[in-house]
Amino acid sequence: MLRYALRRIGGLIPTLLVIVTVSFCIVRLAPGGPFDQEQTLTPAVRANLDHLYGLDQPLATQYAHYLGGLLHGDFGPSLSQRDFTVTELIAQGLPVSVTVGLLAILLALVIGIPAGMVAAIWRNQGADHGLTLFAALAVALPSFVTGPLFALVFGLALHWLPVAGWERGAPRYLVLPVLTLALPVAAYLARLTRASLLEVLGSPWIRSARARGLGGTRVLWRHALRPALLPAVSYLGPALAYVVTGSLVVETVFGLPGTGRYLVQGAIDRDYPLVMGMIVVYGTLLLVFNLIADLLYGWLDPRVRHE
Amino acid sequence: MRWIPVSAEVTPADAGQVLRLCGLSVSFATPAGVVSAAQDVNLHVARGECLGVVGESGAGKSVSFLALLGLLPPNARVRGQAQFRGAELLSAGPRALERLRGAAIGMVFQDPMTSLTPHLRVGEQIAEVLVRHRGLSWAAARARAQELLRRVQVTDPARRMGQYPHELSGGMRQRVMIAIALACEPQLLIADEPTTSLDVTIQAQILALLAQLKREQGMAMVLITHDLGAVAGVADRVAVMRAGRVIETGPVAAILKAPSDPYTQALVRNAPRLEEPTSAGVAQPARGQQAAALTLTDVSVGFTVRARWFGQSTVLAAVNGVSFGLRAGESLGVVGESGAGKSTLARAALQLLKPSSGRVVWMGTALGEVPARELRALRRDLQIIFQDPLGSLDPRRTVGEIVAEPLQVHVSGLDARAREVEVAAALLRVGLPASLGGRYPHELSGGECQRVGIARAMILKPRLLVCDEPVSALDTPTQQQIVSLLAELKHASGLSLVFVSHNLALVQRLCERVLVLYLGRMMELAPAQLLYARPLHPYTRELISAVPIPDPDLQPARLARALPGEPPSPLNPPSGCVYRTRCPHAAAVCQERVPAWEEVNGDRHVACHRWREL
């Protein structure tokens with residue numbers, strides 16, 4: 001297991017290198033440049049700017065330069081917010097996104113998994129039908145609908161919670177964004193858990209456990225639950241990476257200073273270092289969370305234990 | 001009927017009746033309407049008695065007994081009476097049934113791989129029954145579990161306790177299931193096809209163990225099976241079920257020797273049995289008349305296995321130095337236990353797997369040396385059918401499309417109409433109506449699926465057909481039909497056959513020569529008649545004596561002689577003769593030297609140091 005983990009961690013570096021290389025090329029392939037929208041620039045000023053940021057050098061040189069910076073943890077200067085480096089921007093925004101994201105995933109787990117279990121155990125009964133309908137709605141409704149709706153109801157109508165803002169992560173300001181972000185994840189987890197638990201409960205080993213006279217509680221918790229969680233685990237790896245790097249919609253609706261908008265805004269502004277920085281952060285998290293999910297898989301199912 | 005009183009306080013008459021089913025009926029409510037699975041079943045089992053319940057799959061055998069334990073899905077409707085030691089089970093609440101299950105009534109299921117919880121250690125799965133029903137502490141339950149493992153003859157029980165089911169062999173897993181069922185010393189043991197998915201040798205061991213436990217504990221036992229040989233060895237009485245009804249019951253000798261119902265008569269007549277070697281209806285091999293069509297010379301197939309930690313990877317020799325020649329129109333049986341390399345050999349013979357060394361020559365062409373394009377053209381003559389009848393058919397295509405595919409690949413310029421005619425003829429040849437062409441595989445029975453597989457393989461009129469365990473997933477009557485079909489096809493078209501099977505009775509019916517493999521090595525190769533009449537290798541003898549025969553006078557004694565032991569890991573084979581760790585005749589020389597492949601009387605070969613003395 002340890003050897004497997006070490007080998008996989010070793011494997012992360014070449015994978016990341018491929019991600020960086022491919023996205024570096026793709027970002028530069030997009031037409032236009034970072035200063036195209038500033039129409040007042042004289043050619044001379046523009047040439048100076050390009051020179052300052054090294055954009056006048058051959059692409060290979062820029063690439064080598066960027067890689068060198070990455071090795072030192074330097075993502076380069078932001079081209080659109082010129083007083084900041086990309087490292088500073090991410091360091092400011094990421095804690096916000098990670099806080100909201102992690103809380104949302106936790107909430108989704110706490111709601112989604114038990115809801116899925118309840119639906120599976122009382123299959124085709126009232127609770128199951130209710131939960132299935134609710135889950136279908138929650139998966140289908142996009143967060144640009146649910147977010148403003150929550151703000152409208154809990155903020156403007158009931159005055160229970162602030163409509164938007166961050167205020168250094170004060171709990172009151174976290175509730176609505178976390179809820180909005182968690183809702184579809186919880187619903188999806190509930191559906192995954194319901195389906196896989198139903199499948200496991202129909203398996204021969206569950207029948208054989210019941211033939212041993214084991215009670216429903218032990219059959220459920222000890223014999224059925226662990227394998228039933230496998231689909232949820234493989235979904236959560238990538239979902240976690242996606243959620244903690246910030247959701248553009250949720251952060252925009254609730255005015256959160258996270259990293260969610262960086263990728264999109266950076267791409268529109270041709271802010272190459274910012275886009276690359278976000279890709280590196282997202283890619284790293286994705287690979288790491290997938291690795292964790294794979295290791296968890298081995299714990300849940302000894303048949304795939306890695307040696 | 002006989003029953004053995006076990007202790008003095010038992011009074012006769014129905015005090016001996018452990019289970020009595022009266023008018024038990026089971027039906028399932030499905031979207032398509034109510035489906036009846038068992039009707040008016042009347043059965044009883046006494047203390048110390050074993051009732052064998054036989055019939056084809058779908059006859060209602062398992063369903064009847066799952067019903068009385070409350071183990072059927074919620075859409076099942078159960079009517080009638082089921083009394084366990086005088087108490088009615090069908091009206092008992094779920095709690096009361098839970099207290100009986102695993103305590104007073106133990107159950108063993110068919111497939112020990114899927115019937116044990118994959119993520120829990122074996123020790124815990126045995127111990128939890130004792131914690132549940134006996135109120136033992138976990139420590140005490142574990143200690144007792146280890147004793148139970150020893151009791152069911154599991155080797156190295158202390159280590160097994162900490163292993164997961166997938167780390168055990170099939171036989172070991174079934175022993176674990178039996179240990180679980182016996183943990184609370186039940187009065188009734190229900191064994192539902194306990195040996196169906198196991199090798200013959202292991203089947204014999206498991207049945208012998210069940211017979212011994214029944215004798216020692218005086219419990220009542222129900223053995224549900226489609227194998228009359230198993231019944232002959234263990235059961236005292238037999239009930240025959242068909243289409244949900246019990247059609248005949250009686251003492252085992254009466255049912256197996258003088259059945260009165262025509263269905264039972266057919267069942268008994270078609271049961272696989274080893275024929276008296278003199279009466280074997282198989283043609284004499286045409287000795288030396290023709291050159292070999294397929295020749296394997298010193299073929300080995302190795303798989304690289306990554307080692308734990310920082311060790312080097314090792315090579316698993318699945319097939320090791322196998323040579324044989326197959327004449328045109330001849331059929332060769334390849335037998336041995338799981339892990340013997342039978343399937344690997346079958347695939348290597350067709351170059352579906354590349355041998356790591358050795359040569360395969362088909363009609364003068366070395367298959368490993370021709371270019372891929374040429375090999376593909378040759379495949380027209382070389383076809384294969386597989387073990388899993390349903391799994392080897394594409395679920396998204398109709399039977400007609402499946403059977404027509406080889407035509408599309410190998411025969412150009414055939415229009416749709418001509419292809420349709422060919423497909424209909426191919427289906428007809430395997431005994432299927434042409435109208436089946438529009439159906440999908442999942443709508444067919446296992447036997448029909450296998451016929452489709454054969455039709456697909458035969459549509460190009462190949463000259464060699466490799467059958468890789470073609471019937472082991474089917475029930476006994478269907479097995480017989482498929483083997484008869486293969487015999488007919490072979491006879492009609494002069495086909496050469498390689499028939500891989502662990503069922504020696506079937507091999508005897510179909511094959512002219514037999515190759516015995518053990519851990520990837522050749523043990524014996526001989527004309528079938530000679531092999532069955534006078535096996536030279538001790539392993540061949542073990543295999544033959546493990547074949548269950550449906551004769552209640554002989555089978556119990558044969559079972560009692562079942563040899564213990566399982567094949568060792570092919571990763572770490574024994575030195576010298578690989579069979580020596582299980583061989584009752586092993587001597588010092590067997591450990592030191594690999595036995596030579598000796599020719600005996602021209603047409604037969606054996607690899608054993610001591611065959612002359614035995």
# chains A, B, ... in the order shown; residues from 1 in each chain; ligands from 1
>>> closest_atom_pairs(of="chain A", to="chain B", cutoff="7 Å", atoms="only C-alpha atoms", output="CSV")
residue,atom,partner,partner_atom,distance
A:Arg3,CA,B:Trp309,CA,6.6
A:Pro204,CA,B:Ser115,CA,5.1
A:Trp205,CA,B:Ser115,CA,4.0
A:Arg207,CA,B:Leu71,CA,6.9
A:Ser208,CA,B:Ser115,CA,5.7
A:Ala211,CA,B:Arg101,CA,5.5
A:Arg212,CA,B:Gly102,CA,3.8
A:Gly213,CA,B:Glu98,CA,4.3
A:Leu214,CA,B:Arg132,CA,6.7
A:His223,CA,B:Thr117,CA,6.4
A:Leu300,CA,B:His119,CA,6.9
A:Asp301,CA,B:His119,CA,5.4
A:Pro302,CA,B:His119,CA,5.7
A:Arg303,CA,B:His166,CA,6.7
A:Glu307,CA,B:Arg308,CA,5.7
>>> write_last_selection(atoms="C-alpha atoms", output="mmCIF file, in the first residue's frame")
data_model
loop_
_atom_site.group_PDB
_atom_site.id
_atom_site.type_symbol
_atom_site.label_atom_id
_atom_site.label_comp_id
_atom_site.auth_asym_id
_atom_site.auth_seq_id
_atom_site.Cartn_x
_atom_site.Cartn_y
_atom_site.Cartn_z
ATOM 1 C CA ARG A 3 4.795 1.480 -1.996
ATOM 2 C CA PRO A 204 -25.729 -13.096 -2.676
ATOM 3 C CA TRP A 205 -23.502 -12.253 0.285
ATOM 4 C CA ARG A 207 -28.659 -13.020 1.490
ATOM 5 C CA SER A 208 -26.068 -15.260 3.047
ATOM 6 C CA ALA A 211 -29.280 -16.575 6.386
ATOM 7 C CA ARG A 212 -26.904 -16.441 9.344
ATOM 8 C CA GLY A 213 -29.576 -14.637 11.342
ATOM 9 C CA LEU A 214 -27.690 -11.360 11.483
ATOM 10 C CA HIS A 223 -21.837 -6.023 5.329
ATOM 11 C CA LEU A 300 -13.282 -0.200 1.113
ATOM 12 C CA ASP A 301 -12.702 -3.218 -1.100
ATOM 13 C CA PRO A 302 -9.765 -5.485 -0.266
ATOM 14 C CA ARG A 303 -9.983 -7.086 -3.684
ATOM 15 C CA GLU A 307 0.499 -4.011 -3.596
#
>>> select_by_dssp(residues="range 310-382 of chain B", states="strand (DSSP E)", output="list of chain:residue names")
B:Thr314, B:Val315, B:Leu316, B:Ala317, B:Ala318, B:Val319, B:Asn320, B:Gly321, B:Val322, B:Ser323, B:Phe324, B:Gly325, B:Leu326, B:Arg327, B:Ser331, B:Leu332, B:Gly333, B:Val334, B:Val335, B:Ser357, B:Gly358, B:Arg359, B:Val360, B:Val361, B:Trp362, B:Thr365, B:Ala366, B:Leu382
>>> write_last_selection(atoms="N, CA and C atoms", output="compact mmCIF listing (two decimals), in the first residue's frame")
# COMPACT_ATOMS: atom_id res chain seq x y z
N THR B 314 7.93 -12.10 -10.75
CA THR B 314 8.16 -13.50 -11.07
C THR B 314 7.29 -13.88 -12.25
N VAL B 315 7.66 -14.98 -12.87
CA VAL B 315 6.88 -15.46 -13.99
C VAL B 315 6.06 -16.67 -13.54
N LEU B 316 4.75 -16.57 -13.76
CA LEU B 316 3.87 -17.68 -13.45
C LEU B 316 3.78 -18.56 -14.70
N ALA B 317 4.25 -19.80 -14.56
CA ALA B 317 4.22 -20.70 -15.72
C ALA B 317 2.85 -21.37 -15.77
N ALA B 318 1.93 -20.78 -16.54
CA ALA B 318 0.58 -21.33 -16.60
C ALA B 318 0.56 -22.63 -17.39
N VAL B 319 1.39 -22.67 -18.44
CA VAL B 319 1.53 -23.90 -19.22
C VAL B 319 3.02 -24.12 -19.38
N ASN B 320 3.48 -25.34 -19.16
CA ASN B 320 4.90 -25.58 -19.09
C ASN B 320 5.27 -26.81 -19.93
N GLY B 321 5.82 -26.58 -21.11
CA GLY B 321 6.34 -27.67 -21.93
C GLY B 321 5.31 -28.69 -22.38
N VAL B 322 4.24 -28.23 -22.98
CA VAL B 322 3.20 -29.16 -23.43
C VAL B 322 3.38 -29.48 -24.91
N SER B 323 3.33 -30.76 -25.24
CA SER B 323 3.42 -31.20 -26.63
C SER B 323 2.35 -32.22 -26.90
N PHE B 324 1.67 -32.09 -28.00
CA PHE B 324 0.79 -33.17 -28.44
C PHE B 324 0.44 -32.96 -29.91
N GLY B 325 -0.03 -34.01 -30.54
CA GLY B 325 -0.46 -33.90 -31.93
C GLY B 325 -1.92 -34.29 -32.00
N LEU B 326 -2.68 -33.58 -32.81
CA LEU B 326 -4.10 -33.87 -32.95
C LEU B 326 -4.35 -34.21 -34.42
N ARG B 327 -4.85 -35.42 -34.65
CA ARG B 327 -5.10 -35.82 -36.04
C ARG B 327 -6.41 -35.22 -36.53
N SER B 331 -10.68 -36.15 -31.55
CA SER B 331 -11.04 -35.25 -30.46
C SER B 331 -10.17 -35.56 -29.25
N LEU B 332 -9.60 -34.49 -28.72
CA LEU B 332 -8.71 -34.62 -27.58
C LEU B 332 -9.34 -33.93 -26.37
N GLY B 333 -9.45 -34.64 -25.27
CA GLY B 333 -9.94 -34.04 -24.04
C GLY B 333 -8.77 -33.51 -23.24
N VAL B 334 -8.90 -32.30 -22.69
CA VAL B 334 -7.87 -31.75 -21.81
C VAL B 334 -8.49 -31.60 -20.43
N VAL B 335 -7.99 -32.35 -19.46
CA VAL B 335 -8.62 -32.34 -18.14
C VAL B 335 -7.63 -31.92 -17.06
N SER B 357 7.21 -19.79 -25.32
CA SER B 357 8.14 -20.59 -26.11
C SER B 357 7.39 -21.77 -26.70
N GLY B 358 8.03 -22.44 -27.64
CA GLY B 358 7.40 -23.59 -28.27
C GLY B 358 6.72 -23.22 -29.58
N ARG B 359 6.30 -24.23 -30.32
CA ARG B 359 5.72 -24.02 -31.64
C ARG B 359 4.33 -24.62 -31.73
N VAL B 360 3.44 -23.93 -32.42
CA VAL B 360 2.12 -24.48 -32.73
C VAL B 360 2.03 -24.56 -34.25
N VAL B 361 1.86 -25.76 -34.78
CA VAL B 361 1.82 -25.93 -36.23
C VAL B 361 0.45 -26.46 -36.62
N TRP B 362 -0.21 -25.73 -37.52
CA TRP B 362 -1.52 -26.15 -38.02
C TRP B 362 -1.38 -26.45 -39.51
N THR B 365 1.64 -25.12 -41.15
CA THR B 365 1.97 -23.71 -40.98
C THR B 365 2.22 -23.43 -39.50
N ALA B 366 3.38 -22.86 -39.19
CA ALA B 366 3.66 -22.48 -37.81
C ALA B 366 2.89 -21.20 -37.50
N LEU B 382 -10.10 -22.28 -37.67
CA LEU B 382 -9.80 -22.50 -36.25
C LEU B 382 -10.81 -21.72 -35.41
>>> closest_residue(among="B:Ala29, B:Leu543, B:Val238, B:Cys583", to="Thr201 in chain B", atoms="only C-alpha atoms")
B:Leu543
>>> closest_residue(among="B:Gly123, B:Gln265, B:Leu188, B:Pro477", to="Val176 in chain B", atoms="only C-alpha atoms")
B:Gly123
>>> residues_around(residues="Ala195 in chain A", least_positions_apart="5", cutoff="10 Å", atoms="only C-alpha atoms", output="short mmCIF file (atom, residue, chain, number, x, y, z; two decimals) with N, CA and C atoms, in the first residue's frame")
data_model
loop_
_atom_site.label_atom_id
_atom_site.label_comp_id
_atom_site.auth_asym_id
_atom_site.auth_seq_id
_atom_site.Cartn_x
_atom_site.Cartn_y
_atom_site.Cartn_z
N GLY A 116 -29.45 8.85 0.72
CA GLY A 116 -29.41 7.73 -0.21
C GLY A 116 -29.67 6.42 0.50
N MET A 117 -29.11 6.27 1.70
CA MET A 117 -29.32 5.04 2.46
C MET A 117 -30.79 4.88 2.83
N ALA A 119 -33.35 6.13 1.35
CA ALA A 119 -34.15 5.83 0.16
C ALA A 119 -34.01 4.36 -0.24
N ALA A 120 -32.79 3.83 -0.11
CA ALA A 120 -32.57 2.44 -0.51
C ALA A 120 -33.26 1.48 0.46
N LEU A 189 -24.90 12.65 -4.68
CA LEU A 189 -24.41 11.60 -3.77
C LEU A 189 -25.56 10.70 -3.32
N ALA A 190 -26.71 11.30 -3.04
CA ALA A 190 -27.85 10.51 -2.59
C ALA A 190 -28.27 9.52 -3.67
N VAL A 200 -26.05 -3.65 -3.80
CA VAL A 200 -25.37 -4.47 -2.80
C VAL A 200 -26.37 -5.27 -1.98
N ALA A 228 -21.05 -0.28 -0.80
CA ALA A 228 -22.03 0.63 -1.41
C ALA A 228 -21.47 2.04 -1.56
N PRO A 231 -19.02 3.97 -5.41
CA PRO A 231 -19.29 4.97 -6.45
C PRO A 231 -19.20 6.39 -5.91
#
>>> residues_around(residues="Leu183 in chain A", least_positions_apart="5", cutoff="10 Å", atoms="only C-alpha atoms", output="tab-separated table (two decimals) with C-alpha atoms, in the first residue's frame")
chain	number	residue	atom	x	y	z
A	104	ALA	CA	-20.10	22.37	1.07
A	105	ILE	CA	-18.65	18.90	0.48
A	107	LEU	CA	-22.56	19.22	4.20
A	108	ALA	CA	-23.25	17.24	1.02
A	111	ILE	CA	-27.00	14.99	3.88
A	112	GLY	CA	-26.46	12.96	0.68
A	135	ALA	CA	-32.80	14.79	-5.52
A	137	LEU	CA	-34.89	18.65	-8.63
A	138	ALA	CA	-31.68	19.53	-6.80
A	139	VAL	CA	-29.52	17.97	-9.50
A	141	LEU	CA	-31.69	23.19	-10.86
A	142	PRO	CA	-28.53	25.16	-11.69
A	143	SER	CA	-26.93	27.16	-8.87
A	146	THR	CA	-31.00	28.25	-6.44
A	178	VAL	CA	-22.25	26.66	1.20
A	188	TYR	CA	-26.02	13.45	-6.69
A	189	LEU	CA	-24.41	11.60	-3.77
>>> select_by_dssp(residues="range 529-613 of chain B", states="helix (DSSP H, G or I)", output="ChimeraX atom specification")
/B:529-533,538-546,555-560,578-581,588-592
>>> write_last_selection(atoms="C-alpha atoms", output="CSV table (one decimal), in the first residue's frame")
chain,number,residue,atom,x,y,z
B,529,GLN,CA,-10.4,-46.2,-23.3
B,530,LEU,CA,-7.0,-47.1,-21.9
B,531,LEU,CA,-6.9,-44.1,-19.6
B,532,TYR,CA,-10.2,-44.8,-17.9
B,533,ALA,CA,-9.6,-48.5,-17.8
B,538,PRO,CA,-1.7,-41.3,-9.6
B,539,TYR,CA,-3.3,-37.9,-10.4
B,540,THR,CA,-5.4,-39.4,-13.2
B,541,ARG,CA,-6.6,-42.0,-10.7
B,542,GLU,CA,-7.5,-39.3,-8.2
B,543,LEU,CA,-9.4,-37.4,-10.9
B,544,ILE,CA,-11.3,-40.5,-12.0
B,545,SER,CA,-12.1,-41.6,-8.5
B,546,ALA,CA,-13.5,-38.2,-7.7
B,555,GLN,CA,-20.7,-43.6,-4.2
B,556,PRO,CA,-20.6,-43.3,-0.3
B,557,ALA,CA,-17.5,-45.5,-0.2
B,558,ARG,CA,-15.9,-43.6,-3.1
B,559,LEU,CA,-16.5,-40.3,-1.2
B,560,ALA,CA,-15.0,-41.7,1.9
B,578,VAL,CA,4.8,-31.0,-9.1
B,579,TYR,CA,2.1,-33.5,-8.0
B,580,ARG,CA,4.2,-35.0,-5.2
B,581,THR,CA,2.7,-32.8,-2.5
B,588,ALA,CA,12.3,-39.3,-2.3
B,589,VAL,CA,13.0,-39.4,-6.0
B,590,CYS,CA,9.8,-37.4,-6.7
B,591,GLN,CA,11.2,-34.5,-4.8
B,592,GLU,CA,14.6,-34.6,-6.5
>>> residues_around(residues="Ile113 in chain A", least_positions_apart="5", cutoff="9 Å", atoms="only C-alpha atoms", output="list of chain:residue names")
A:Ala108, A:Val118, A:Ala186, A:Leu189, A:Ala190, A:Arg191, A:Leu192, A:Thr193, A:Arg194, A:Leu229, A:Ala232
>>> atom_distance(atom1="CA of Lys461 in chain B", atom2="CA of Glu401 in chain B")
17.5 Å
>>> residues_around(residues="Gly33 in chain A", least_positions_apart="2", cutoff="12 Å", atoms="only C-alpha atoms", output="ChimeraX atom specification")
/A:27-31,35-38,46,49-50,55-56,79-80,266-272
>>> atom_distance(atom1="CA of Leu525 in chain B", atom2="CA of Ala346 in chain B")
15.8 Å
>>> atom_distance(atom1="CA of Ala76 in chain B", atom2="CA of Glu443 in chain B")
22.6 Å
